[in-house]
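Q: Quick one, coords-v5.csv (CSV, C-alpha atoms and all ligand atoms):
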chain,number,residue,atom,x,y,z
U,6,MET,CA,54.5,-6.1,6.0
U,7,LYS,CA,54.6,-7.5,2.5
U,8,LEU,CA,51.2,-9.2,2.5
U,9,SER,CA,47.7,-7.9,2.6
U,10,HIS,CA,45.6,-8.5,5.7
U,11,ARG,CA,43.1,-10.1,3.4
U,12,VAL,CA,45.5,-12.8,2.4
U,13,MET,CA,47.0,-13.1,5.9
U,14,GLU,CA,43.6,-14.0,7.2
U,15,MET,CA,43.1,-16.7,4.6
U,16,GLU,CA,43.8,-20.4,5.1
U,17,GLU,CA,45.1,-22.5,2.2
U,18,SER,CA,42.4,-24.9,0.9
U,19,VAL,CA,42.8,-27.9,3.2
U,20,THR,CA,41.6,-30.4,0.6
U,21,LEU,CA,44.2,-29.3,-1.9
U,22,ALA,CA,46.9,-29.2,0.8
U,23,ALA,CA,46.0,-32.7,2.0
U,24,ASN,CA,46.3,-34.0,-1.5
U,25,ALA,CA,49.6,-32.2,-2.1
U,26,ARG,CA,51.0,-33.7,1.2
U,27,ALA,CA,49.9,-37.2,0.1
U,28,LYS,CA,51.5,-36.7,-3.3
U,29,ALA,CA,54.8,-35.4,-1.7
U,30,LEU,CA,55.0,-38.4,0.5
U,31,ALA,CA,54.3,-40.7,-2.4
U,32,ALA,CA,57.1,-39.0,-4.3
U,33,GLU,CA,59.5,-39.9,-1.5
U,34,GLY,CA,58.6,-43.5,-2.1
U,35,ARG,CA,56.0,-43.9,0.7
U,36,ASP,CA,53.0,-46.2,-0.2
U,37,ILE,CA,50.3,-43.7,0.5
U,38,LEU,CA,46.6,-44.4,-0.1
U,39,SER,CA,45.0,-41.1,-0.7
U,40,LEU,CA,41.3,-40.5,0.0
U,41,THR,CA,41.7,-36.8,0.0
U,42,LEU,CA,40.4,-35.2,-3.1
U,43,GLY,CA,36.8,-34.9,-4.2
U,44,GLN,CA,37.6,-35.7,-7.8
U,45,PRO,CA,36.3,-38.5,-9.9
U,46,ASP,CA,39.0,-41.0,-10.8
U,47,PHE,CA,37.4,-41.5,-14.3
U,48,ALA,CA,38.7,-39.9,-17.5
U,49,THR,CA,36.4,-37.4,-19.1
U,50,PRO,CA,34.0,-39.3,-21.4
U,51,LYS,CA,35.3,-39.8,-24.9
U,52,ASN,CA,32.6,-37.8,-26.7
U,53,ILE,CA,33.5,-34.7,-24.6
U,54,GLN,CA,37.2,-35.1,-25.3
U,55,GLU,CA,36.5,-35.4,-29.0
U,56,ALA,CA,34.3,-32.3,-29.1
U,57,ALA,CA,37.1,-30.3,-27.4
U,58,VAL,CA,39.7,-31.6,-29.8
U,59,ALA,CA,37.4,-30.7,-32.8
U,60,SER,CA,37.1,-27.1,-31.4
U,61,ILE,CA,40.9,-26.9,-31.3
U,62,GLU,CA,41.4,-28.3,-34.8
U,63,ASP,CA,38.9,-26.2,-36.6
U,64,GLY,CA,40.1,-23.0,-34.9
U,65,ARG,CA,37.1,-22.2,-32.7
U,66,ALA,CA,39.1,-22.6,-29.5
U,67,SER,CA,41.7,-20.1,-30.5
U,68,PHE,CA,39.8,-17.1,-29.5
U,69,TYR,CA,38.3,-15.2,-26.5
U,70,THR,CA,34.6,-15.6,-26.0
U,71,VAL,CA,32.2,-13.1,-24.5
U,72,ALA,CA,33.1,-12.8,-20.8
U,73,SER,CA,29.9,-14.4,-19.6
U,74,GLY,CA,30.3,-17.5,-21.9
U,75,LEU,CA,29.3,-18.7,-25.3
U,76,PRO,CA,25.6,-18.2,-26.2
U,77,GLU,CA,25.4,-21.9,-27.2
U,78,LEU,CA,26.7,-22.9,-23.8
U,79,LYS,CA,24.2,-20.7,-22.1
U,80,ASP,CA,21.4,-22.3,-24.2
U,81,ALA,CA,22.7,-25.8,-23.2
U,82,ILE,CA,22.6,-24.7,-19.5
U,83,SER,CA,19.1,-23.4,-20.0
U,84,ASP,CA,18.0,-26.8,-21.4
U,85,TYR,CA,19.8,-28.5,-18.5
U,86,MET,CA,17.8,-26.3,-16.1
U,87,LYS,CA,14.6,-27.2,-17.9
U,88,GLN,CA,15.3,-30.9,-17.6
U,89,PHE,CA,16.6,-31.0,-13.9
U,90,TYR,CA,15.0,-27.9,-12.4
U,91,GLY,CA,11.8,-27.7,-14.3
U,92,TYR,CA,12.4,-24.2,-15.6
U,93,ALA,CA,14.3,-22.7,-18.6
U,94,VAL,CA,16.3,-19.5,-18.3
U,95,ASN,CA,17.3,-16.6,-20.6
U,96,ARG,CA,20.9,-16.1,-21.6
U,97,ASN,CA,21.1,-13.0,-19.3
U,98,GLU,CA,20.4,-15.3,-16.4
U,99,VAL,CA,23.5,-17.5,-16.9
U,100,VAL,CA,27.2,-16.9,-16.4
U,101,VAL,CA,29.9,-19.3,-17.1
U,102,GLY,CA,33.4,-19.2,-15.4
U,103,THR,CA,36.5,-20.9,-14.3
U,104,GLY,CA,35.1,-23.7,-12.1
U,105,ALA,CA,32.3,-23.4,-9.6
U,106,LYS,CA,34.9,-22.3,-7.1
U,107,PHE,CA,35.7,-19.1,-9.1
U,108,ILE,CA,32.0,-18.6,-9.9
U,109,LEU,CA,31.4,-18.5,-6.1
U,110,TYR,CA,34.1,-15.9,-5.7
U,111,ALA,CA,32.6,-13.8,-8.5
U,112,PHE,CA,29.3,-14.0,-6.7
U,113,PHE,CA,30.7,-12.9,-3.3
U,114,THR,CA,32.6,-10.1,-5.0
U,115,SER,CA,29.4,-9.0,-6.7
U,116,VAL,CA,27.1,-8.9,-3.7
U,117,ILE,CA,29.1,-8.5,-0.5
U,118,ASN,CA,30.1,-5.2,0.9
U,119,PRO,CA,32.5,-5.1,3.9
U,120,GLY,CA,30.6,-6.3,7.0
U,121,ASP,CA,27.8,-8.0,5.1
U,122,GLU,CA,27.0,-11.3,6.7
U,123,VAL,CA,26.8,-14.7,4.9
U,124,ILE,CA,25.2,-17.5,6.9
U,125,ILE,CA,27.1,-20.7,6.4
U,126,PRO,CA,25.9,-23.8,8.3
U,127,THR,CA,28.8,-26.1,9.2
U,128,PRO,CA,30.2,-28.6,8.5
U,129,CYS,CA,30.7,-27.0,5.1
U,130,TRP,CA,33.1,-27.2,2.2
U,131,VAL,CA,36.5,-25.6,2.9
U,132,SER,CA,36.4,-22.6,0.5
U,133,TYR,CA,33.2,-20.8,1.4
U,134,VAL,CA,34.4,-19.1,4.7
U,135,ASP,CA,37.7,-18.0,3.2
U,136,GLN,CA,36.1,-16.6,0.1
U,137,VAL,CA,33.7,-14.5,2.1
U,138,LYS,CA,36.6,-13.2,4.2
U,139,MET,CA,38.5,-12.4,0.9
U,140,VAL,CA,35.8,-9.9,0.0
U,141,GLU,CA,35.7,-8.5,3.5
U,142,GLY,CA,32.3,-10.0,4.3
U,143,THR,CA,31.6,-11.7,7.6
U,144,PRO,CA,31.0,-15.5,7.6
U,145,VAL,CA,28.5,-16.4,10.2
U,146,THR,CA,28.8,-20.1,10.9
U,147,PHE,CA,27.0,-22.4,13.3
U,148,GLN,CA,27.2,-26.1,14.0
U,149,THR,CA,24.4,-28.3,12.6
U,150,THR,CA,23.8,-31.5,14.6
U,151,GLU,CA,24.6,-35.0,13.7
U,152,GLU,CA,21.1,-36.0,15.0
U,153,ASN,CA,19.6,-33.7,12.3
U,154,HIS,CA,22.0,-35.3,9.8
U,155,PHE,CA,24.1,-32.1,9.6
U,156,LYS,CA,21.2,-30.1,8.2
U,157,ALA,CA,20.4,-26.5,9.3
U,158,THR,CA,16.9,-25.7,10.6
U,159,VAL,CA,15.0,-22.5,10.2
U,160,GLU,CA,15.3,-22.0,14.0
U,161,GLN,CA,19.1,-22.1,13.7
U,162,LEU,CA,19.1,-19.8,10.7
U,163,GLU,CA,16.8,-17.4,12.5
U,164,ALA,CA,19.2,-17.3,15.5
U,165,ALA,CA,22.1,-16.5,13.1
U,166,ARG,CA,20.2,-13.7,11.3
U,167,THR,CA,21.0,-10.1,11.9
U,168,ASP,CA,20.1,-6.9,10.0
U,169,LYS,CA,23.4,-7.4,8.1
U,170,THR,CA,22.6,-10.9,6.8
U,171,LYS,CA,22.8,-10.8,3.0
U,172,VAL,CA,23.2,-14.4,1.9
U,173,VAL,CA,22.5,-17.9,3.2
U,174,LEU,CA,24.5,-20.7,1.7
U,175,LEU,CA,23.0,-24.1,1.1
U,176,ASN,CA,25.0,-27.0,-0.3
U,177,SER,CA,22.9,-30.1,-0.9
U,178,PRO,CA,24.0,-32.8,-1.4
U,179,SER,CA,26.7,-31.6,1.0
U,180,ASN,CA,30.4,-31.7,0.8
U,181,PRO,CA,31.6,-33.0,3.3
U,182,THR,CA,28.6,-34.8,4.9
U,183,GLY,CA,26.8,-36.2,1.8
U,184,MET,CA,23.4,-35.3,3.3
U,185,ILE,CA,20.5,-34.0,1.2
U,186,TYR,CA,17.8,-31.5,2.3
U,187,ASN,CA,14.3,-32.8,1.6
U,188,LYS,CA,11.5,-30.7,0.0
U,189,GLU,CA,9.9,-29.7,3.2
U,190,GLU,CA,13.1,-28.6,4.8
U,191,LEU,CA,14.0,-26.6,1.7
U,192,GLU,CA,10.6,-25.0,1.5
U,193,ALA,CA,10.8,-23.8,5.1
U,194,ILE,CA,14.3,-22.4,4.5
U,195,GLY,CA,13.3,-20.9,1.2
U,196,ASN,CA,10.2,-19.1,2.6
U,197,TRP,CA,12.3,-17.8,5.5
U,198,ALA,CA,14.8,-16.4,3.1
U,199,VAL,CA,12.1,-14.8,1.0
U,200,GLU,CA,10.4,-13.3,4.1
U,201,HIS,CA,13.7,-11.7,5.2
U,202,ASP,CA,14.9,-10.8,1.7
U,203,ILE,CA,18.1,-12.9,2.1
U,204,LEU,CA,19.7,-14.2,-1.0
U,205,ILE,CA,20.0,-18.0,-1.2
U,206,LEU,CA,23.3,-19.3,-2.6
U,207,ALA,CA,22.5,-22.9,-3.7
U,208,ASP,CA,25.6,-24.9,-4.4
U,209,ASP,CA,24.0,-27.7,-6.3
U,210,ILE,CA,27.3,-29.2,-7.7
U,211,TYR,CA,26.6,-32.7,-6.4
U,212,GLY,CA,22.9,-32.7,-7.4
U,213,ARG,CA,23.3,-35.5,-10.0
U,214,LEU,CA,25.4,-37.7,-7.6
U,215,VAL,CA,22.7,-39.3,-5.4
U,216,TYR,CA,22.4,-42.9,-4.4
U,217,ASN,CA,20.2,-45.7,-3.2
U,218,GLY,CA,16.9,-44.1,-4.2
U,219,ASN,CA,17.6,-40.7,-2.6
U,220,THR,CA,16.5,-37.8,-4.7
U,221,PHE,CA,17.8,-34.2,-5.0
U,222,THR,CA,15.4,-31.3,-4.9
U,223,PRO,CA,16.7,-28.0,-6.1
U,224,ILE,CA,15.5,-25.3,-3.8
U,225,SER,CA,15.1,-22.9,-6.7
U,226,SER,CA,12.5,-25.2,-8.2
U,227,LEU,CA,10.1,-24.9,-5.3
U,228,SER,CA,8.3,-21.6,-6.0
U,229,GLU,CA,8.6,-18.5,-8.2
U,230,ALA,CA,9.5,-16.4,-5.1
U,231,ILE,CA,12.2,-18.7,-3.9
U,232,ARG,CA,13.6,-19.0,-7.4
U,233,LYS,CA,13.9,-15.2,-7.7
U,234,GLN,CA,15.8,-15.2,-4.4
U,235,THR,CA,18.2,-17.9,-5.4
U,236,ILE,CA,21.5,-18.0,-7.3
U,237,VAL,CA,22.2,-21.5,-8.4
U,238,ILE,CA,25.9,-22.6,-8.5
U,239,ASN,CA,26.7,-25.6,-10.6
U,240,GLY,CA,29.3,-27.1,-12.9
U,241,VAL,CA,30.4,-30.2,-14.7
U,242,SER,CA,33.5,-31.1,-12.6
U,243,LYS,CA,31.9,-33.8,-10.5
U,244,THR,CA,29.1,-35.2,-12.7
U,245,TYR,CA,31.1,-35.4,-15.9
U,246,ALA,CA,34.5,-36.2,-14.5
U,247,MET,CA,35.8,-32.8,-15.7
U,248,THR,CA,37.6,-31.3,-12.7
U,249,GLY,CA,40.6,-30.2,-14.8
U,250,TRP,CA,38.5,-28.4,-17.4
U,251,ARG,CA,37.4,-25.8,-14.8
U,252,VAL,CA,33.8,-25.3,-15.9
U,253,GLY,CA,31.4,-23.7,-13.5
U,254,PHE,CA,28.2,-21.7,-13.9
U,255,ALA,CA,25.6,-19.7,-12.1
U,256,VAL,CA,22.0,-19.1,-12.8
U,257,GLY,CA,19.7,-16.5,-11.4
U,258,ASP,CA,18.9,-12.8,-11.1
U,259,PRO,CA,20.2,-11.0,-14.3
U,260,GLU,CA,21.5,-8.1,-12.3
U,261,ILE,CA,23.7,-10.3,-10.1
U,262,ILE,CA,24.7,-12.5,-13.1
U,263,GLY,CA,25.6,-9.3,-15.1
U,264,ALA,CA,27.8,-8.2,-12.2
U,265,MET,CA,29.5,-11.5,-12.0
U,266,ALA,CA,30.2,-11.3,-15.8
U,267,LYS,CA,31.8,-7.9,-15.1
U,268,VAL,CA,34.1,-9.5,-12.5
U,269,ILE,CA,35.0,-12.1,-15.0
U,270,SER,CA,35.7,-9.6,-17.7
U,271,GLN,CA,38.2,-7.9,-15.4
U,272,THR,CA,39.9,-11.0,-14.1
U,273,THR,CA,39.9,-14.2,-16.2
U,274,SER,CA,38.3,-12.6,-19.3
U,275,ASN,CA,36.4,-15.8,-20.0
U,276,LEU,CA,36.4,-19.5,-19.2
U,277,THR,CA,39.0,-21.2,-21.4
U,278,THR,CA,37.3,-21.5,-24.8
U,279,VAL,CA,38.1,-25.2,-25.4
U,280,SER,CA,36.5,-26.0,-22.0
U,281,GLN,CA,33.3,-24.2,-23.1
U,282,TYR,CA,33.1,-26.4,-26.2
U,283,ALA,CA,33.7,-29.4,-24.0
U,284,ALA,CA,31.0,-28.3,-21.6
U,285,ILE,CA,28.4,-27.9,-24.5
U,286,GLU,CA,29.1,-31.6,-25.5
U,287,ALA,CA,28.9,-32.7,-21.8
U,288,LEU,CA,25.5,-31.1,-21.3
U,289,THR,CA,23.9,-31.9,-24.6
U,290,GLY,CA,25.7,-35.0,-25.9
U,291,ASP,CA,25.4,-38.7,-25.0
U,292,GLN,CA,24.7,-39.0,-21.2
U,293,SER,CA,25.2,-42.8,-20.8
U,294,SER,CA,28.7,-42.6,-19.2
U,295,ILE,CA,27.2,-40.4,-16.4
U,296,GLU,CA,25.0,-43.1,-15.1
U,297,ILE,CA,27.8,-45.6,-15.3
U,298,MET,CA,30.0,-43.4,-13.1
U,299,ARG,CA,27.1,-42.7,-10.7
U,300,GLN,CA,26.6,-46.4,-10.3
U,301,ALA,CA,30.3,-47.0,-9.6
U,302,PHE,CA,30.1,-44.4,-6.8
U,303,GLU,CA,27.0,-46.0,-5.4
U,304,GLU,CA,28.7,-49.4,-5.4
U,305,ARG,CA,31.7,-48.0,-3.7
U,306,LEU,CA,29.6,-46.3,-1.0
U,307,ASN,CA,27.6,-49.5,-0.4
U,308,THR,CA,30.8,-51.6,-0.1
U,309,ILE,CA,32.9,-49.3,1.9
U,310,TYR,CA,30.3,-47.8,4.3
U,311,PRO,CA,29.8,-50.9,6.4
U,312,LEU,CA,33.5,-51.7,6.5
U,313,LEU,CA,34.3,-48.2,7.7
U,314,ASN,CA,31.8,-48.5,10.6
U,315,GLU,CA,33.7,-51.6,11.7
U,316,VAL,CA,36.8,-49.5,12.3
U,317,PRO,CA,37.0,-49.0,16.1
U,318,GLY,CA,36.0,-45.5,17.1
U,319,PHE,CA,34.7,-44.5,13.7
U,320,GLU,CA,31.0,-43.7,13.5
U,321,ALA,CA,29.5,-42.5,10.2
U,322,ILE,CA,26.0,-41.7,9.1
U,323,LYS,CA,25.3,-43.2,5.7
U,324,PRO,CA,25.7,-40.4,3.0
U,325,GLN,CA,22.9,-39.9,0.5
U,326,GLY,CA,24.9,-38.1,-2.2
U,327,ALA,CA,28.2,-36.5,-3.3
U,328,PHE,CA,31.2,-38.9,-2.8
U,329,TYR,CA,32.4,-38.4,0.8
U,330,LEU,CA,32.2,-40.3,4.1
U,331,PHE,CA,32.4,-38.1,7.1
U,332,PRO,CA,32.8,-40.3,10.2
U,333,ASN,CA,32.8,-38.9,13.7
U,334,VAL,CA,36.1,-40.0,15.2
U,335,LYS,CA,35.8,-38.7,18.7
U,336,LYS,CA,36.0,-42.1,20.2
U,337,ALA,CA,38.9,-43.1,18.0
U,338,MET,CA,40.8,-40.0,19.1
U,339,GLU,CA,40.2,-40.9,22.7
U,340,MET,CA,41.4,-44.4,22.2
U,341,LYS,CA,44.6,-43.1,20.6
U,342,GLY,CA,45.1,-40.2,23.0
U,343,TYR,CA,44.4,-37.3,20.6
U,344,SER,CA,42.3,-34.3,21.2
U,345,ASP,CA,43.0,-32.5,18.0
U,346,VAL,CA,41.5,-34.0,14.8
U,347,THR,CA,44.2,-32.4,12.5
U,348,GLU,CA,47.0,-34.1,14.6
U,349,PHE,CA,45.0,-37.3,14.5
U,350,THR,CA,44.7,-37.1,10.7
U,351,THR,CA,48.5,-36.5,10.5
U,352,ALA,CA,49.1,-39.6,12.7
U,353,ILE,CA,46.9,-41.7,10.4
U,354,LEU,CA,48.9,-40.5,7.4
U,355,GLU,CA,52.2,-41.2,9.1
U,356,GLU,CA,51.4,-44.5,10.7
U,357,ALA,CA,48.6,-46.0,8.6
U,358,GLU,CA,49.8,-44.4,5.3
U,359,VAL,CA,46.2,-43.3,4.6
U,360,ALA,CA,45.6,-39.7,3.6
U,361,LEU,CA,42.3,-38.3,4.8
U,362,VAL,CA,41.2,-34.7,5.2
U,363,THR,CA,40.9,-33.2,8.7
U,364,GLY,CA,37.4,-32.2,9.7
U,365,ALA,CA,38.8,-29.0,11.1
U,366,GLY,CA,38.9,-27.4,7.7
U,367,PHE,CA,35.2,-28.1,7.3
U,368,GLY,CA,34.4,-26.7,10.8
U,369,ALA,CA,34.0,-30.2,12.3
U,370,PRO,CA,36.5,-30.8,15.1
U,371,GLU,CA,35.4,-34.4,15.6
U,372,ASN,CA,35.3,-35.7,12.0
U,373,VAL,CA,37.5,-36.7,9.2
U,374,ARG,CA,36.6,-36.9,5.5
U,375,LEU,CA,37.2,-39.8,3.2
U,376,SER,CA,36.6,-39.3,-0.5
U,377,TYR,CA,35.3,-42.5,-2.2
U,378,ALA,CA,35.9,-41.1,-5.7
U,379,THR,CA,38.6,-43.7,-6.0
U,380,ASP,CA,38.7,-47.4,-7.0
U,381,LEU,CA,37.3,-50.1,-4.7
U,382,ASP,CA,40.6,-51.9,-4.2
U,383,THR,CA,42.2,-48.7,-2.9
U,384,LEU,CA,39.2,-48.0,-0.7
U,385,LYS,CA,39.1,-51.5,0.8
U,386,GLU,CA,42.8,-51.4,1.5
U,387,ALA,CA,42.7,-48.0,3.0
U,388,VAL,CA,39.9,-49.0,5.4
U,389,ARG,CA,41.9,-52.2,6.3
U,390,CYS,CA,44.9,-50.0,7.2
U,391,LEU,CA,42.7,-47.7,9.3
U,392,LYS,CA,41.3,-50.7,11.1
U,393,ALA,CA,44.8,-52.2,11.7
U,394,PHE,CA,46.0,-48.7,13.0
U,395,MET,CA,43.1,-48.5,15.4
U,396,GLU,CA,43.5,-52.0,16.7
U,397,LYS,CA,47.3,-51.6,17.3
R,401,LIG,N1,31.3,-26.6,-4.4
R,401,LIG,C1,31.6,-27.7,-3.7
R,401,LIG,C2,30.7,-28.1,-2.6
R,401,LIG,C3,32.7,-28.5,-4.0
R,401,LIG,O1,32.9,-29.6,-3.4
R,401,LIG,C4,33.5,-28.1,-5.1
R,401,LIG,C5,34.7,-29.0,-5.3
R,401,LIG,N2,35.7,-28.6,-6.0
R,401,LIG,C6,33.2,-26.9,-5.8
R,401,LIG,C7,32.1,-26.2,-5.4
R,401,LIG,C8,34.1,-26.4,-6.9
R,401,LIG,O2,34.1,-27.2,-8.0
R,401,LIG,P1,34.8,-26.7,-9.3
R,401,LIG,O3,35.6,-25.5,-9.1
R,401,LIG,O4,35.7,-27.9,-9.7
R,401,LIG,O5,33.7,-26.5,-10.3
R,402,LIG,N1,35.9,-29.9,-3.9
R,402,LIG,C1,36.8,-31.0,-3.9
R,402,LIG,C2,37.1,-31.4,-2.5
R,402,LIG,O1,36.5,-31.0,-1.6
R,402,LIG,C3,38.1,-30.6,-4.7
R,402,LIG,C4,39.1,-29.7,-4.0
R,402,LIG,C5,38.6,-28.4,-3.6
R,402,LIG,O2,38.2,-27.7,-4.6
R,402,LIG,O3,38.5,-28.1,-2.5
R,402,LIG,O4,38.0,-32.2,-2.3
Could the structure of this file be written out as structure tokens, please?
A:
Amino acid sequence: MKLSHRVMEMEESVTLAANARAKALAAEGRDILSLTLGQPDFATPKNIQEAAVASIEDGRASFYTVASGLPELKDAISDYMKQFYGYAVNRNEVVVGTGAKFILYAFFTSVINPGDEVIIPTPCWVSYVDQVKMVEGTPVTFQTTEENHFKATVEQLEAARTDKTKVVLLNSPSNPTGMIYNKEELEAIGNWAVEHDILILADDIYGRLVYNGNTFTPISSLSEAIRKQTIVINGVSKTYAMTGWRVGFAVGDPEIIGAMAKVISQTTSNLTTVSQYAAIEALTGDQSSIEIMRQAFEERLNTIYPLLNEVPGFEAIKPQGAFYLFPNVKKAMEMKGYSDVTEFTTAILEEAEVALVTGAGFGAPENVRLSYATDLDTLKEAVRCLKAFMEK
């Protein structure tokens, strides 16, 4: 057999695959409305572009950096932590890499031995489970309930815990559900993790994208003990409209951070230097465009959410953050005679020409995901097409 068992057991990222399929159909001349990718439709703010160009023109971007990232960028991240998490960090507590996605992979490579378990409440973002498998760890998933707004409880976590549990993963605000854990919920989970010496992997990438008065509490800010137990994953892709620059970072225990830097030194060497200069400007420069983009997402959510709930058979809880709607489509599938949500999503693509992501990839067999990181006209038209499809 040519391929490794590791890669044979992996799934391709369903979000990227759904986007590629929508693009391929569009290239054939089909009029596809794509709500697949979680990627802001805005250009990277001008001040960030200019800082990047300057680093190219004056030669700074020509060279490798230290594997873990430029000291100035680590200092900018420390200031960011002080502002949004309430604590600053030392340079040896920060590592920068090629997108939060690769930073997560560097983390799993650094802490997981074959057979170690990572608790991942579902629905969850598509890459966690496969990344854990890639390092021969064991993903332990369980379904959260819609009644509890897709949030894990300590009881559920305790039921999933074994003596092999090494990490618990929390993603708040969540991709795909848009739900946010509150302080009390996080305190309970944090204390449980401390008690059982389980590392908390806090994917906070949507922490700045919260709407309608909802607030984001970082779990690592809750106590010294919880902070010591937590590795924070973050990046600039979503908040600063910088998905293509591939900037991610982790903050936490220096030993783990140092191990992640070692993984980077033997794989990518360092995050592309020009992106590091861009990230410094993103984190330390003018922040006004960030709020403009956040407000645009909020307006889209508030416009599109009621319209989506008018689509027959679609029932969604109103998200608090990120930029996804995650309706339960069980009734819609029944109405149209489908039992498999991936087939249902394909039918929507073929017949309504609206590209969504199947919930199956997120561990949610009754849901589909719509990204509202796209313009309002496209969103309204897509929901109109969905309604027409369901009413046919
Ligand atoms: N975590 C979550 C929950 C995400 O939705 C994404 C989206 N790409 C990432 C991590 C990775 O982001 P990036 O690699 O662009 O930094
Ligand atoms: N995180 C985004 C999404 O869920 C981008 C694609 C990906 O990395 O999965 O759509």
Q: 8 Å from ligand LIG 401 (chain R) is the threshold here; counting only C-alpha atoms and all ligand atoms, which polymer residues fall inside it? Answer as a PDB file with C-alpha atoms, in the coordinates of the input.
A:
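Below is the file that was written, part.pdb:
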ATOM      1  CA  GLY U  43      36.800 -34.900  -4.200  1.00  0.00           C
ATOM      2  CA  GLN U  44      37.600 -35.700  -7.800  1.00  0.00           C
ATOM      3  CA  THR U 103      36.500 -20.900 -14.300  1.00  0.00           C
ATOM      4  CA  GLY U 104      35.100 -23.700 -12.100  1.00  0.00           C
ATOM      5  CA  ALA U 105      32.300 -23.400  -9.600  1.00  0.00           C
ATOM      6  CA  LYS U 106      34.900 -22.300  -7.100  1.00  0.00           C
ATOM      7  CA  PHE U 107      35.700 -19.100  -9.100  1.00  0.00           C
ATOM      8  CA  ILE U 108      32.000 -18.600  -9.900  1.00  0.00           C
ATOM      9  CA  LEU U 109      31.400 -18.500  -6.100  1.00  0.00           C
ATOM     10  CA  CYS U 129      30.700 -27.000   5.100  1.00  0.00           C
ATOM     11  CA  TRP U 130      33.100 -27.200   2.200  1.00  0.00           C
ATOM     12  CA  ASN U 176      25.000 -27.000  -0.300  1.00  0.00           C
ATOM     13  CA  SER U 179      26.700 -31.600   1.000  1.00  0.00           C
ATOM     14  CA  ASN U 180      30.400 -31.700   0.800  1.00  0.00           C
ATOM     15  CA  PRO U 181      31.600 -33.000   3.300  1.00  0.00           C
ATOM     16  CA  ASP U 208      25.600 -24.900  -4.400  1.00  0.00           C
ATOM     17  CA  ASP U 209      24.000 -27.700  -6.300  1.00  0.00           C
ATOM     18  CA  ILE U 210      27.300 -29.200  -7.700  1.00  0.00           C
ATOM     19  CA  TYR U 211      26.600 -32.700  -6.400  1.00  0.00           C
ATOM     20  CA  ILE U 238      25.900 -22.600  -8.500  1.00  0.00           C
ATOM     21  CA  ASN U 239      26.700 -25.600 -10.600  1.00  0.00           C
ATOM     22  CA  GLY U 240      29.300 -27.100 -12.900  1.00  0.00           C
ATOM     23  CA  VAL U 241      30.400 -30.200 -14.700  1.00  0.00           C
ATOM     24  CA  SER U 242      33.500 -31.100 -12.600  1.00  0.00           C
ATOM     25  CA  LYS U 243      31.900 -33.800 -10.500  1.00  0.00           C
ATOM     26  CA  MET U 247      35.800 -32.800 -15.700  1.00  0.00           C
ATOM     27  CA  THR U 248      37.600 -31.300 -12.700  1.00  0.00           C
ATOM     28  CA  GLY U 249      40.600 -30.200 -14.800  1.00  0.00           C
ATOM     29  CA  ARG U 251      37.400 -25.800 -14.800  1.00  0.00           C
ATOM     30  CA  VAL U 252      33.800 -25.300 -15.900  1.00  0.00           C
ATOM     31  CA  GLY U 253      31.400 -23.700 -13.500  1.00  0.00           C
TER      32      GLY U 253
END
Q: To one decimal in Å, tell me the separation between CA of Phe331 (chain U) and CA of Thr182 (chain U).
A: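 Pair CA of Phe331 (chain U) / CA of Thr182 (chain U) returns 5.5 Å.
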Q: Pick out the residues sitting within 7 Å of Thr350 (chain U), and hand them over as number ranges by chain; count only C-alpha atoms, and ignore anything fewer than 2 positions along from it in its own chain.
A: U: 346-348, 352-354, 361-363
Q: Quick one: residues within 9 Å of region 13-19 of chain U, only C-alpha atoms, excluding same-chain residues fewer than 4 positions away - as a PyMOL selection string?
A: chain U and resi 8-9+23-24+131-132+135-136+138-139+362-363+365-367
Q: Between CA of Asn219 (chain U) and CA of Met86 (chain U), what is the distance, to one decimal in Å?
A: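 CA of Met86 (chain U) lies 19.7 Å from CA of Asn219 (chain U).
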Q: To one decimal place in Å, what is the distance between CA of Ser67 (chain U) and CA of Gly102 (chain U)?
A: 17.3 Å
Q: Measuring atom to atom with only C-alpha atoms, identify which of U:Pro332, U:Gln281, U:Tyr110, U:Asn217 is nearest to Ala66 (chain U).
A: U:Gln281
Q: Any idea what's packed within 9 Å of Ile117 (chain U), counting only C-alpha atoms, ignoring anything in its chain fewer than 6 positions away? Could you give it as an MDAnalysis selection string?
A: chainID U and resid 123 137 140:142 171:172
Q: If we count only C-alpha atoms, what is near Gln271 (chain U) at a cut-off of 9 Å, once residues fewer than 4 positions away on the same chain are taken out, given as number ranges by chain?
A: U: 72, 266-267
Q: May I ask which of the residues U:Thr150, U:Asn307, U:Gln292, U:Thr170 is the closest one to Ile53 (chain U), counting all atoms listed in the file?
A: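 Among U:Thr150, U:Asn307, U:Gln292, U:Thr170, it is U:Gln292 that comes nearest to Ile53 (chain U).
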Q: Which residues come within 10 Å of Thr220 (chain U), counting all atoms listed in the file, excluding same-chain residues fewer than 5 positions away, as a PDB file with C-alpha atoms, in the coordinates of the input?
A:
ATOM      1  CA  PRO U 178      24.000 -32.800  -1.400  1.00  0.00           C
ATOM      2  CA  ILE U 185      20.500 -34.000   1.200  1.00  0.00           C
ATOM      3  CA  TYR U 186      17.800 -31.500   2.300  1.00  0.00           C
ATOM      4  CA  ASN U 187      14.300 -32.800   1.600  1.00  0.00           C
ATOM      5  CA  LYS U 188      11.500 -30.700   0.000  1.00  0.00           C
ATOM      6  CA  GLY U 212      22.900 -32.700  -7.400  1.00  0.00           C
ATOM      7  CA  ARG U 213      23.300 -35.500 -10.000  1.00  0.00           C
ATOM      8  CA  LEU U 214      25.400 -37.700  -7.600  1.00  0.00           C
ATOM      9  CA  VAL U 215      22.700 -39.300  -5.400  1.00  0.00           C
ATOM     10  CA  GLN U 325      22.900 -39.900   0.500  1.00  0.00           C
ATOM     11  CA  GLY U 326      24.900 -38.100  -2.200  1.00  0.00           C
TER      12      GLY U 326
END
